[in-house]
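Participant: I am attaching a structure below and will ask some questions about it afterwards.
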Amino acid sequence: MNAAGDPRRLALDVLRRIDDEGAYANLALGAALDRSGMDRRDRAFCTDLVYGTTRMRRACDHLIDRFLHDDVEPTVRRVLRLGVYQLRWAGVPPHAAVSATVDIAPKRARGLCNAVLRRLAEHDPAWPSPGIEMSYPDWIIERLAADLGEHDALGALTTMNTAAPAVTRPDGYHQDRASQLVADLTVEDLPPGGTVLDLCAAPGGKATAMAGAGARVVAADLRLPRLGLVGDNAERLGVACHLVQADGALPPFRRASFDRVLVDAPCSGLGVLRRRADARWRIEPEDIGRLADLQLRLLAAAVTLVRPGGRLVYSVCTVTAAETTGVDERIRGIADLTSDHPGAPWRAHGSGGLLLPQDLDSEGMAVFRYRPA
């Protein structure tokens, strides 16, 4: 059977693209599934294999290495990771996980893969550290424990090792509940005919939600292809968004020209690791400070665009202190702002609100609502 019709072969090919070509898991998988012609059941199984194996890569390697005398070539390691994920986390019966995975291994390595996976099927692992057991880089666990407290950090990290629930808006758009709540907060009490600027709008989930709620939405983004995604989504949903290619740190708009400005800023994404399976292996510790500086520049520019009596909303799909309460403290040092807590279900978080993934089985998200003086 070719890769297009076999969920395991297709998953293995997507994993190769992630490893060898630096492809993003969601993009590579989506394109591969679109070409595959698989039914819904096989698509779901393939998705779980790609996302799960990618998430649990560190734990898989720990288990594999217990039964290898020498390192193996990358293709063979990918096959073994795929098999281990099925045995340990996907609930596939051991005989099916072993035999079907060995079938997609290179012929020269099938004996090795069979022996390792059979031993692993009978192995009860001992985990030397939370980072290995939960399959995160140690620095992420340490950073979130320091910022959130150990209990909440472990709860968030555990939840982000599970598949994200599918959430569909009434208009048919798939969007996580936390993101929907941010859009709702932004247009709350918006005057009839009020205008909202979504400064970092792509791919358009929040912009189209706000337009669907009756707001006049200007959707801006730095990159034209990503701005095109906003337009495509707006057209498909039958809502109007005015598209502007713009650098959010140097916005080409008149001062005090919007009733609401939403800055859904680029961030480390450490609140959405369940949906971005490979992000935990891409982000580096030094990226957080760089991104916090960018977030501050975007906010400082956005403050000037809010009309008197209007609101500035800042949101990020991360839970680090530097990118949430840290940015909040820094913007208050350069702009005269008042703020209000967004209310339930948001946790109090500095002057704003925080949702951890375990709170609503959603993305992790922080939001701050300001009124410029």
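We name chains A, B, ... following the order of the structure tokens; residues begin at 1 in each chain, and ligands are numbered from 1 as shown.
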Taking 3 positions as the minimum chain separation for residues in the same chain, which residues sit within 10 Å of His95 in chain A when counting only C-alpha atoms? Answer as a list in words.

Facilitator: Leu87, Val92, Val98, Ser99, Ala100, Thr101, Leu117, Arg118 and Ala121 of chain A

Participant: Could you turn the residues from that selection into a file that holds C-alpha atoms, as a compact mmCIF listing (two decimals), in the first residue's frame?

Facilitator:
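The resulting part.txt:
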# COMPACT_ATOMS: atom_id res chain seq x y z
CA LEU A 87 2.29 1.05 22.20
CA VAL A 92 -3.18 0.41 19.76
CA VAL A 98 4.34 -3.98 16.27
CA SER A 99 3.43 -5.83 13.09
CA ALA A 100 1.99 -2.85 11.18
CA THR A 101 4.91 -0.61 12.14
CA LEU A 117 9.20 -2.94 19.69
CA ARG A 118 8.40 -6.40 21.05
CA ALA A 121 5.59 -3.84 24.45

Participant: Where does range 207-315 of chain A meet range 159-170 of chain A within 7 Å, residue by residue, with the nearest atom pair and distance in Å to one decimal for each, counting only C-alpha atoms, listed by chain and rising number, as a Markdown table?

Facilitator:
| residue | atom | partner | partner_atom | distance |
| --- | --- | --- | --- | --- |
| A:Leu273 | CA | A:Met160 | CA | 5.7 |
| A:Arg274 | CA | A:Met160 | CA | 4.4 |
| A:Arg275 | CA | A:Ala164 | CA | 6.4 |

Participant: When you look at Thr158 in chain A with a cut-off of 9 Å (counting only C-alpha atoms), what residues show up, excluding the ones that are within fewer than 4 positions of it in the same chain? I need them as a PyMOL selection string.

Facilitator: chain A and resi 134+153-154+162+358

Participant: Would you please give, as a PyMOL selection string, all residues of range 151-369 of chain A that DSSP assigns to alpha helix (DSSP H) based on the backbone?

Facilitator: chain A and resi 151-159+177-187+205-212+224-237+279-282+285-303+325-332+357-360

Participant: Just write the chosen residues, C-alpha atoms, as a PDB file, in the first residue's frame.

Facilitator:
ATOM      1  CA  HIS A 151       0.931  22.641  40.458  1.00  0.00           C
ATOM      2  CA  ASP A 152      -0.548  24.835  37.724  1.00  0.00           C
ATOM      3  CA  ALA A 153       2.462  24.358  35.461  1.00  0.00           C
ATOM      4  CA  LEU A 154       2.228  20.560  35.615  1.00  0.00           C
ATOM      5  CA  GLY A 155      -1.511  20.763  35.030  1.00  0.00           C
ATOM      6  CA  ALA A 156      -0.984  22.894  31.940  1.00  0.00           C
ATOM      7  CA  LEU A 157       1.804  20.692  30.597  1.00  0.00           C
ATOM      8  CA  THR A 158      -0.220  17.527  31.176  1.00  0.00           C
ATOM      9  CA  THR A 159      -3.258  18.949  29.379  1.00  0.00           C
ATOM     10  CA  ARG A 177     -12.876  28.606  22.966  1.00  0.00           C
ATOM     11  CA  ALA A 178     -10.185  30.829  24.482  1.00  0.00           C
ATOM     12  CA  SER A 179      -9.730  32.670  21.184  1.00  0.00           C
ATOM     13  CA  GLN A 180     -13.486  33.127  20.906  1.00  0.00           C
ATOM     14  CA  LEU A 181     -13.533  34.655  24.386  1.00  0.00           C
ATOM     15  CA  VAL A 182     -10.860  37.195  23.355  1.00  0.00           C
ATOM     16  CA  ALA A 183     -12.917  38.239  20.336  1.00  0.00           C
ATOM     17  CA  ASP A 184     -16.013  38.577  22.537  1.00  0.00           C
ATOM     18  CA  LEU A 185     -14.144  40.763  25.030  1.00  0.00           C
ATOM     19  CA  THR A 186     -12.873  43.030  22.289  1.00  0.00           C
ATOM     20  CA  VAL A 187     -16.332  43.860  20.907  1.00  0.00           C
ATOM     21  CA  GLY A 205     -10.309  33.779  13.401  1.00  0.00           C
ATOM     22  CA  LYS A 206     -10.796  36.713  15.739  1.00  0.00           C
ATOM     23  CA  ALA A 207     -11.321  39.238  12.922  1.00  0.00           C
ATOM     24  CA  THR A 208     -14.126  37.212  11.344  1.00  0.00           C
ATOM     25  CA  ALA A 209     -15.730  36.548  14.737  1.00  0.00           C
ATOM     26  CA  MET A 210     -15.820  40.271  15.474  1.00  0.00           C
ATOM     27  CA  ALA A 211     -17.148  41.062  12.007  1.00  0.00           C
ATOM     28  CA  GLY A 212     -19.800  38.414  12.478  1.00  0.00           C
ATOM     29  CA  LEU A 224       0.629  39.557   2.349  1.00  0.00           C
ATOM     30  CA  PRO A 225       0.150  35.763   2.038  1.00  0.00           C
ATOM     31  CA  ARG A 226      -1.058  35.583   5.629  1.00  0.00           C
ATOM     32  CA  LEU A 227      -3.334  38.554   5.055  1.00  0.00           C
ATOM     33  CA  GLY A 228      -4.776  36.580   2.167  1.00  0.00           C
ATOM     34  CA  LEU A 229      -5.846  33.906   4.653  1.00  0.00           C
ATOM     35  CA  VAL A 230      -7.946  36.519   6.449  1.00  0.00           C
ATOM     36  CA  GLY A 231      -9.616  37.480   3.202  1.00  0.00           C
ATOM     37  CA  ASP A 232     -10.268  33.863   2.255  1.00  0.00           C
ATOM     38  CA  ASN A 233     -11.839  33.114   5.628  1.00  0.00           C
ATOM     39  CA  ALA A 234     -13.954  36.274   5.562  1.00  0.00           C
ATOM     40  CA  GLU A 235     -15.229  35.453   2.076  1.00  0.00           C
ATOM     41  CA  ARG A 236     -16.056  31.879   3.011  1.00  0.00           C
ATOM     42  CA  LEU A 237     -17.960  33.025   6.118  1.00  0.00           C
ATOM     43  CA  ALA A 279       6.585  24.076  18.762  1.00  0.00           C
ATOM     44  CA  ARG A 280       8.110  22.729  21.976  1.00  0.00           C
ATOM     45  CA  TRP A 281      11.148  21.633  19.967  1.00  0.00           C
ATOM     46  CA  ARG A 282      11.426  24.897  17.980  1.00  0.00           C
ATOM     47  CA  PRO A 285      14.631  30.268  25.917  1.00  0.00           C
ATOM     48  CA  GLU A 286      16.086  33.433  24.417  1.00  0.00           C
ATOM     49  CA  ASP A 287      13.081  33.794  22.094  1.00  0.00           C
ATOM     50  CA  ILE A 288      10.827  34.800  24.972  1.00  0.00           C
ATOM     51  CA  GLY A 289      12.642  38.047  25.736  1.00  0.00           C
ATOM     52  CA  ARG A 290      12.834  38.940  22.043  1.00  0.00           C
ATOM     53  CA  LEU A 291       9.122  38.329  21.610  1.00  0.00           C
ATOM     54  CA  ALA A 292       8.250  40.334  24.732  1.00  0.00           C
ATOM     55  CA  ASP A 293      10.130  43.304  23.263  1.00  0.00           C
ATOM     56  CA  LEU A 294       8.160  42.960  20.022  1.00  0.00           C
ATOM     57  CA  GLN A 295       4.885  42.745  21.942  1.00  0.00           C
ATOM     58  CA  LEU A 296       5.727  45.959  23.773  1.00  0.00           C
ATOM     59  CA  ARG A 297       6.489  47.766  20.493  1.00  0.00           C
ATOM     60  CA  LEU A 298       3.169  46.640  19.033  1.00  0.00           C
ATOM     61  CA  LEU A 299       1.261  47.775  22.112  1.00  0.00           C
ATOM     62  CA  ALA A 300       3.010  51.132  22.249  1.00  0.00           C
ATOM     63  CA  ALA A 301       2.045  51.782  18.633  1.00  0.00           C
ATOM     64  CA  ALA A 302      -1.518  50.573  19.159  1.00  0.00           C
ATOM     65  CA  VAL A 303      -2.175  52.889  22.128  1.00  0.00           C
ATOM     66  CA  THR A 325       2.288  40.461  33.244  1.00  0.00           C
ATOM     67  CA  GLY A 326       5.785  41.580  32.251  1.00  0.00           C
ATOM     68  CA  VAL A 327       4.531  43.319  29.111  1.00  0.00           C
ATOM     69  CA  ASP A 328       1.612  44.736  31.102  1.00  0.00           C
ATOM     70  CA  GLU A 329       4.005  46.334  33.583  1.00  0.00           C
ATOM     71  CA  ARG A 330       6.235  47.677  30.825  1.00  0.00           C
ATOM     72  CA  ILE A 331       3.441  49.290  28.790  1.00  0.00           C
ATOM     73  CA  ARG A 332       2.169  51.025  31.921  1.00  0.00           C
ATOM     74  CA  PRO A 357      -5.290  24.811  29.243  1.00  0.00           C
ATOM     75  CA  GLN A 358      -6.762  22.758  32.079  1.00  0.00           C
ATOM     76  CA  ASP A 359      -9.301  25.438  32.996  1.00  0.00           C
ATOM     77  CA  LEU A 360     -11.619  24.974  29.993  1.00  0.00           C
TER      78      LEU A 360
END

Participant: Using only C-alpha atoms for the distances, tell me which of A:Val50, A:Trp89, A:Arg16, A:Pro191 is nearest to Arg77 in chain A.

Facilitator: A:Arg16

Participant: Can you tell me, as a PyMOL selection string, what residues are no more than 6 Å from Gly352 in chain A when counting only C-alpha atoms, ignoring any on the same chain fewer than 5 positions away?

Facilitator: chain A and resi 341+367-368

Participant: What is the distance, in Å and to one decimal place, between CA of Leu305 in chain A and CA of Leu262 in chain A?

Facilitator: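 Here the two named atoms are 10.6 Å from each other.
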
Participant: So that I can see what lies close to Met38 in chain A, please list as a list in words the residues with an atom at most 12 Å from it, counting only C-alpha atoms and leaving out residues fewer than 4 positions away in the same chain.

Facilitator: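 Once the nearby chain positions are removed, what remains is Asn2, Ala3, Ala4, Gly5, Asp6, Pro7, Arg8, Leu10, Ala32, Leu33, Asp34, Asp42, Arg43, Ala44, Phe45, Cys46 and Thr47 of chain A.
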
Participant: Restricting the calculation to only C-alpha atoms: of A:Glu284, A:Glu363, A:Asp147, A:Asp340, which residue gets closest to Thr320 in chain A?

Facilitator: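 Checking each of A:Glu284, A:Glu363, A:Asp147, A:Asp340 against Thr320 in chain A, counting only C-alpha atoms, the winner is A:Asp147.
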
Participant: Where in range 157-253 of chain A does DSSP assign strand (DSSP E), given as a ChimeraX atom specification?

Facilitator: /A:195-198,216-221,241-245

Participant: In Å, how far is it from CA of Leu144 in chain A to CA of Val263 in chain A?

Facilitator: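 Taking CA of Leu144 in chain A and CA of Val263 in chain A, their separation equals 23.2 Å.
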
Participant: Which of these residues is nearest to Tyr24 in chain A, using only C-alpha atoms: A:Leu120, A:Trp127, A:Asp189, A:Asp278?

Facilitator: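 Selected residue with least distance to Tyr24 in chain A: A:Asp278.
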